[in-house]
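Structure file entry15.tsv; described as TSV, C-alpha atoms.
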chain	number	residue	atom	x	y	z
E	65	MET	CA	131.01	144.65	116.19
E	66	ILE	CA	127.61	144.37	117.89
E	67	ALA	CA	127.69	148.06	118.76
E	68	ALA	CA	128.32	148.94	115.11
E	69	LEU	CA	125.36	146.82	113.97
E	70	LEU	CA	123.09	148.43	116.57
E	71	ALA	CA	124.25	151.88	115.52
E	72	LEU	CA	123.50	151.12	111.87
E	73	ALA	CA	120.09	149.75	112.76
E	74	ALA	CA	119.24	152.87	114.81
E	75	LEU	CA	120.05	155.35	112.03
E	76	PRO	CA	116.99	157.09	110.57
E	77	ARG	CA	116.06	156.04	107.08
E	78	GLU	CA	114.30	157.91	104.38
E	79	ALA	CA	111.91	156.53	101.82
E	80	HIS	CA	111.86	157.91	98.30
E	81	ALA	CA	109.16	157.19	95.78
E	82	GLN	CA	109.97	157.34	92.13
E	83	ASP	CA	107.52	158.89	89.79
E	84	LEU	CA	107.37	156.67	86.75
E	85	PRO	CA	105.14	157.49	83.85
E	86	SER	CA	102.12	155.19	83.83
E	87	GLU	CA	102.04	153.59	80.40
E	88	PRO	CA	99.97	150.55	79.54
E	89	PHE	CA	102.13	147.54	78.76
E	90	ASP	CA	101.68	145.44	75.67
E	91	ALA	CA	99.70	142.27	76.44
E	92	THR	CA	99.67	140.93	72.89
E	93	PRO	CA	100.75	137.31	73.37
E	94	LYS	CA	99.37	136.88	76.89
E	95	GLY	CA	95.68	136.61	75.99
E	96	THR	CA	96.39	134.37	73.01
E	97	ILE	CA	98.60	131.99	74.97
E	98	GLY	CA	96.38	132.01	78.06
E	99	LEU	CA	93.11	131.20	76.31
E	100	GLY	CA	94.94	128.78	74.01
E	101	LEU	CA	96.05	126.83	77.09
E	102	VAL	CA	92.54	126.94	78.55
E	103	GLY	CA	91.10	125.64	75.27
E	104	ALA	CA	93.62	122.79	75.13
E	105	GLU	CA	92.86	121.87	78.74
E	106	LEU	CA	89.13	121.79	78.04
E	107	GLY	CA	89.87	119.70	74.95
E	108	LEU	CA	91.55	117.15	77.22
E	109	ILE	CA	89.12	117.17	80.13
E	110	ILE	CA	85.73	117.11	78.35
E	111	PRO	CA	86.30	114.04	76.13
E	112	SER	CA	88.01	112.19	78.97
E	113	ALA	CA	85.09	112.91	81.32
E	114	ALA	CA	82.68	111.73	78.61
E	115	GLY	CA	84.57	108.41	78.33
E	116	LEU	CA	86.15	109.12	74.95
E	117	ASN	CA	89.70	108.08	75.84
E	118	GLU	CA	91.14	106.99	72.54
E	119	VAL	CA	94.34	108.34	71.02
E	120	TRP	CA	92.64	110.29	68.26
E	121	SER	CA	90.29	112.07	70.66
E	122	LEU	CA	93.10	112.95	73.05
E	123	THR	CA	95.01	114.63	70.22
E	124	VAL	CA	92.30	116.16	68.00
E	125	PHE	CA	90.13	117.84	70.65
E	126	PRO	CA	92.99	119.60	72.50
E	127	VAL	CA	94.34	120.93	69.19
E	128	ILE	CA	90.92	122.25	68.20
E	129	GLY	CA	90.40	123.71	71.69
E	130	ALA	CA	93.81	125.38	71.66
E	131	ALA	CA	93.19	126.92	68.23
E	132	GLY	CA	89.76	128.20	69.26
E	133	GLY	CA	91.06	129.56	72.56
E	134	ALA	CA	94.03	131.25	70.91
E	135	LEU	CA	91.82	132.93	68.32
E	136	THR	CA	89.39	134.07	71.01
E	137	GLY	CA	92.26	135.42	73.12
E	138	TYR	CA	93.79	137.23	70.18
E	139	PHE	CA	90.59	138.98	69.14
E	140	THR	CA	89.19	139.73	72.62
E	141	LEU	CA	92.02	140.14	75.13
E	142	ASP	CA	95.01	141.30	73.10
E	143	GLU	CA	93.77	144.85	72.67
E	144	PRO	CA	94.94	148.00	74.45
E	145	GLY	CA	93.16	148.48	77.77
E	146	ARG	CA	92.60	144.76	78.41
E	147	GLU	CA	95.96	143.94	79.89
E	148	LYS	CA	94.57	142.70	83.21
E	149	GLY	CA	92.24	140.25	81.48
E	150	ALA	CA	95.06	138.95	79.29
E	151	VAL	CA	97.33	138.40	82.28
E	152	ALA	CA	94.48	136.72	84.20
E	153	ALA	CA	93.82	134.37	81.26
E	154	LEU	CA	97.51	133.48	81.11
E	155	VAL	CA	97.63	132.77	84.85
E	156	VAL	CA	94.50	130.57	84.66
E	157	GLY	CA	95.89	128.76	81.62
E	158	ILE	CA	99.21	128.01	83.26
E	159	ALA	CA	97.59	127.00	86.57
E	160	GLY	CA	95.25	124.56	84.84
E	161	VAL	CA	97.83	122.55	82.90
E	162	LEU	CA	98.68	120.04	85.63
E	163	PRO	CA	95.08	119.45	86.82
E	164	ALA	CA	93.94	118.89	83.23
E	165	ILE	CA	96.65	116.32	82.63
E	166	LEU	CA	95.92	114.54	85.92
E	167	VAL	CA	92.16	114.38	85.26
E	168	THR	CA	92.79	112.99	81.78
E	169	ILE	CA	95.25	110.37	83.00
E	170	ARG	CA	92.84	109.30	85.72
E	171	GLY	CA	90.02	108.86	83.20
E	172	VAL	CA	92.20	106.90	80.79
E	173	ARG	CA	93.55	104.66	83.56
E	174	LYS	CA	90.07	103.96	84.93
E	175	GLU	CA	88.74	102.99	81.50
E	176	ARG	CA	91.71	100.74	80.73
E	177	GLU	CA	91.41	98.99	84.09
E	178	GLU	CA	87.75	98.24	83.36
E	179	ARG	CA	88.44	96.67	79.98
E	180	TRP	CA	91.77	95.02	80.82
E	181	GLU	CA	92.06	91.33	80.06
E	182	PRO	CA	95.21	89.34	80.73
E	183	GLN	CA	96.94	88.09	77.62
E	184	SER	CA	99.06	85.03	77.41
E	185	VAL	CA	102.63	85.66	76.39
E	186	PRO	CA	104.41	82.85	74.59
E	187	ILE	CA	107.32	81.51	76.61
E	188	ARG	CA	110.37	80.98	74.44
E	189	SER	CA	113.14	79.35	76.44
E	190	GLU	CA	113.22	76.36	78.77
E	191	LYS	CA	114.46	78.59	81.60
E	192	GLU	CA	111.49	80.90	81.19
E	193	GLN	CA	109.12	77.91	81.14
E	194	ARG	CA	110.62	76.55	84.37
E	195	ALA	CA	110.38	79.95	86.09
E	196	PHE	CA	106.76	80.33	84.95
E	197	GLU	CA	105.80	76.88	86.27
E	198	LEU	CA	107.57	77.56	89.57
E	199	ALA	CA	105.72	80.86	90.03
E	200	GLU	CA	102.42	79.27	89.03
E	201	ALA	CA	102.87	76.50	91.62
E	202	GLY	CA	102.77	78.98	94.51
E	203	PRO	CA	105.02	80.05	97.38
E	204	GLY	CA	105.59	76.71	99.13
E	205	LEU	CA	108.89	75.07	100.04
E	206	PHE	CA	107.74	71.96	98.14
E	207	ARG	CA	105.83	72.84	94.98
E	208	ARG	CA	103.82	70.67	92.65
E	209	SER	CA	104.11	72.20	89.17
E	210	ARG	CA	102.74	70.97	85.85
E	211	SER	CA	106.01	69.16	85.12
E	212	GLY	CA	106.55	67.58	88.55
E	213	PHE	CA	107.69	68.33	92.09
E	214	ARG	CA	110.18	71.08	92.86
E	215	ALA	CA	111.79	72.56	95.95
E	216	ALA	CA	112.31	76.30	96.19
E	217	MET	CA	112.68	79.11	98.70
E	218	PRO	CA	109.44	79.18	100.71
E	219	GLY	CA	107.16	82.18	100.91
E	220	LEU	CA	107.43	84.09	104.18
E	221	SER	CA	104.90	86.74	105.23
E	222	PHE	CA	104.16	88.74	108.34
E	223	GLY	CA	100.81	90.12	109.43
E	224	ARG	CA	99.01	91.65	112.40
E	225	THR	CA	95.89	89.97	113.71
E	226	GLU	CA	93.11	91.44	115.81
E	227	PRO	CA	91.03	89.13	118.02
E	228	THR	CA	87.32	89.07	117.23
E	229	THR	CA	84.86	90.07	119.93
E	230	ARG	CA	83.83	86.44	120.44
E	231	GLN	CA	87.46	85.35	120.84
E	232	SER	CA	88.25	88.12	123.30
E	233	ALA	CA	85.11	87.26	125.34
E	234	ASN	CA	86.15	83.60	125.58
E	235	LEU	CA	89.85	84.24	126.12
E	236	PRO	CA	90.44	87.65	127.74
E	237	ALA	CA	94.23	87.21	127.57
E	238	LEU	CA	94.09	87.15	123.74
E	239	GLN	CA	95.62	90.36	122.35
E	240	ARG	CA	96.85	91.75	119.08
E	241	ARG	CA	99.75	89.78	117.77
E	242	THR	CA	102.09	89.53	114.84
E	243	GLU	CA	101.97	86.31	112.87
E	244	MET	CA	104.66	84.84	110.69
E	245	ARG	CA	103.46	82.53	107.94
E	246	LEU	CA	105.80	80.09	106.26
E	247	SER	CA	104.36	78.21	103.31
E	248	LEU	CA	105.57	74.62	103.23
E	249	ALA	CA	103.59	73.11	100.35
E	250	SER	CA	101.72	74.49	97.37
E	251	GLY	CA	100.99	73.45	93.85
E	252	VAL	CA	98.89	73.25	90.71
E	253	PHE	CA	96.63	70.24	90.37

Let me see the file written as structure tokens.
Amino acid sequence: MIAALLALAALPREAHAQDLPSEPFDATPKGTIGLGLVGAELGLIIPSAAGLNEVWSLTVFPVIGAAGGALTGYFTLDEPGREKGAVAALVVGIAGVLPAILVTIRGVRKEREERWEPQSVPIRSEKEQRAFELAEAGPGLFRRSRSGFRAAMPGLSFGRTEPTTRQSANLPALQRRTEMRLSLASGVF
């Protein structure tokens, strides 16, 4: 079996080139689609970078940009002899979709975080009210809520502590350690 594979690998091979007629390919939709995508991406990025992150601006400007880019691509790149430019525009348009969306989302999120204000939600049932008061009272085993004292599962957390330079100078045996914190009492007063 191995000898047969070696014999096949050692056989001389010939390369044949095919002579195909060189005809320009039709690039008609490529320039239109490519520059349309680029226009839509710019219509997302520019208003978002300028701080205009409202719903109307995130829909109107990309539509206008896509229409302008598509018209520009149709009249400039979708002509015979400009196939390479049309394909390049399509590649750039496709490659820019994800970055444009991510930049826009980042701008919208940043603006909404800056103007976010907590809103009170009306609590409807007695069970919801009790759960809200318990959470508001904190993580302790014994909790003082607005309606009285309650006992609940205590909060348990773990953390690593580093000794400060003053502590390590006074107590050289002090090292990094893991602390466990168990909250016994908490409440709202």

E:Val172, E:Leu122, E:Val252, E:Ala195 ranked by distance to Gly212 in chain E, top pick (using only C-alpha atoms):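 Closest to Gly212 in chain E of all the choices is E:Val252.
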
Minimum-distance residue to Ile165 in chain E, chosen among E:Val127, E:Ala134, E:Leu108, E:Met244 (using only C-alpha atoms): E:Leu108

Distance query Ile158 in chain E at most 9 Å, all atoms listed in the file, self and fewer than 3 positions along chain excluded, as a list in words: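 Listed by chain and then number, they are Gly98, Leu101, Val102, Ala153, Leu154, Val155, Val161 and Leu162 of chain E.
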
For the residues selected in the previous step, produce a file with C-alpha atoms as a PDB file, in the frame of the given file.
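File written: part_12.pdb
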ATOM      1  CA  GLY E  98      96.380 132.010  78.060  1.00  0.00           C
ATOM      2  CA  LEU E 101      96.050 126.830  77.090  1.00  0.00           C
ATOM      3  CA  VAL E 102      92.540 126.940  78.550  1.00  0.00           C
ATOM      4  CA  ALA E 153      93.820 134.370  81.260  1.00  0.00           C
ATOM      5  CA  LEU E 154      97.510 133.480  81.110  1.00  0.00           C
ATOM      6  CA  VAL E 155      97.630 132.770  84.850  1.00  0.00           C
ATOM      7  CA  VAL E 161      97.830 122.550  82.900  1.00  0.00           C
ATOM      8  CA  LEU E 162      98.680 120.040  85.630  1.00  0.00           C
TER       9      LEU E 162
END

Selection: 12 Å around Trp120 in chain E, all atoms listed in the file, excl. self and same-chain fewer than 5 positions, as a ChimeraX atom specification: /E:107-108,111-112,125-127

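Distance check against Phe222 in chain E using all atoms listed in the file: of E:Glu243, E:Ser209, E:Thr168, E:Gly204, the minimum falls on E:Glu243.
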
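Neighbours of Gly95 in chain E closer than or equal to 9 Å, with only C-alpha atoms counted and sequence neighbours fewer than 4 positions away skipped, come out as Ala91, Leu99, Gly100, Ala134, Thr136, Gly137, Tyr138, Phe139, Thr140, Leu141, Asp142, Glu147, Gly149, Ala150, Val151, Ala152, Ala153 and Leu154 of chain E.
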
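Distance annotation: of E:Arg173, E:Arg210, E:Arg146, E:Arg241, the residue with the minimal separation from Lys94 in chain E is E:Arg146; atom set is only C-alpha atoms.
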
Between CA of Ile97 in chain E and CA of Asn117 in chain E - distance in Å to one decimal: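 Value for the CA of Asn117 in chain E-CA of Ile97 in chain E distance: 25.5 Å.
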
Non-local contacts of Pro218 in chain E (6 Å; all atoms listed in the file; under 5 positions in same chain excluded) as number ranges by chain: E: 203-205, 247

Gap from CA of Gly219 in chain E to CA of Gly202 in chain E - Å, one decimal: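 CA of Gly202 in chain E lies at a distance of 8.4 Å from CA of Gly219 in chain E.
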
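Taking CA of Ile169 in chain E as the reference point, CA of Gly132 in chain E is found at 23.2 Å.
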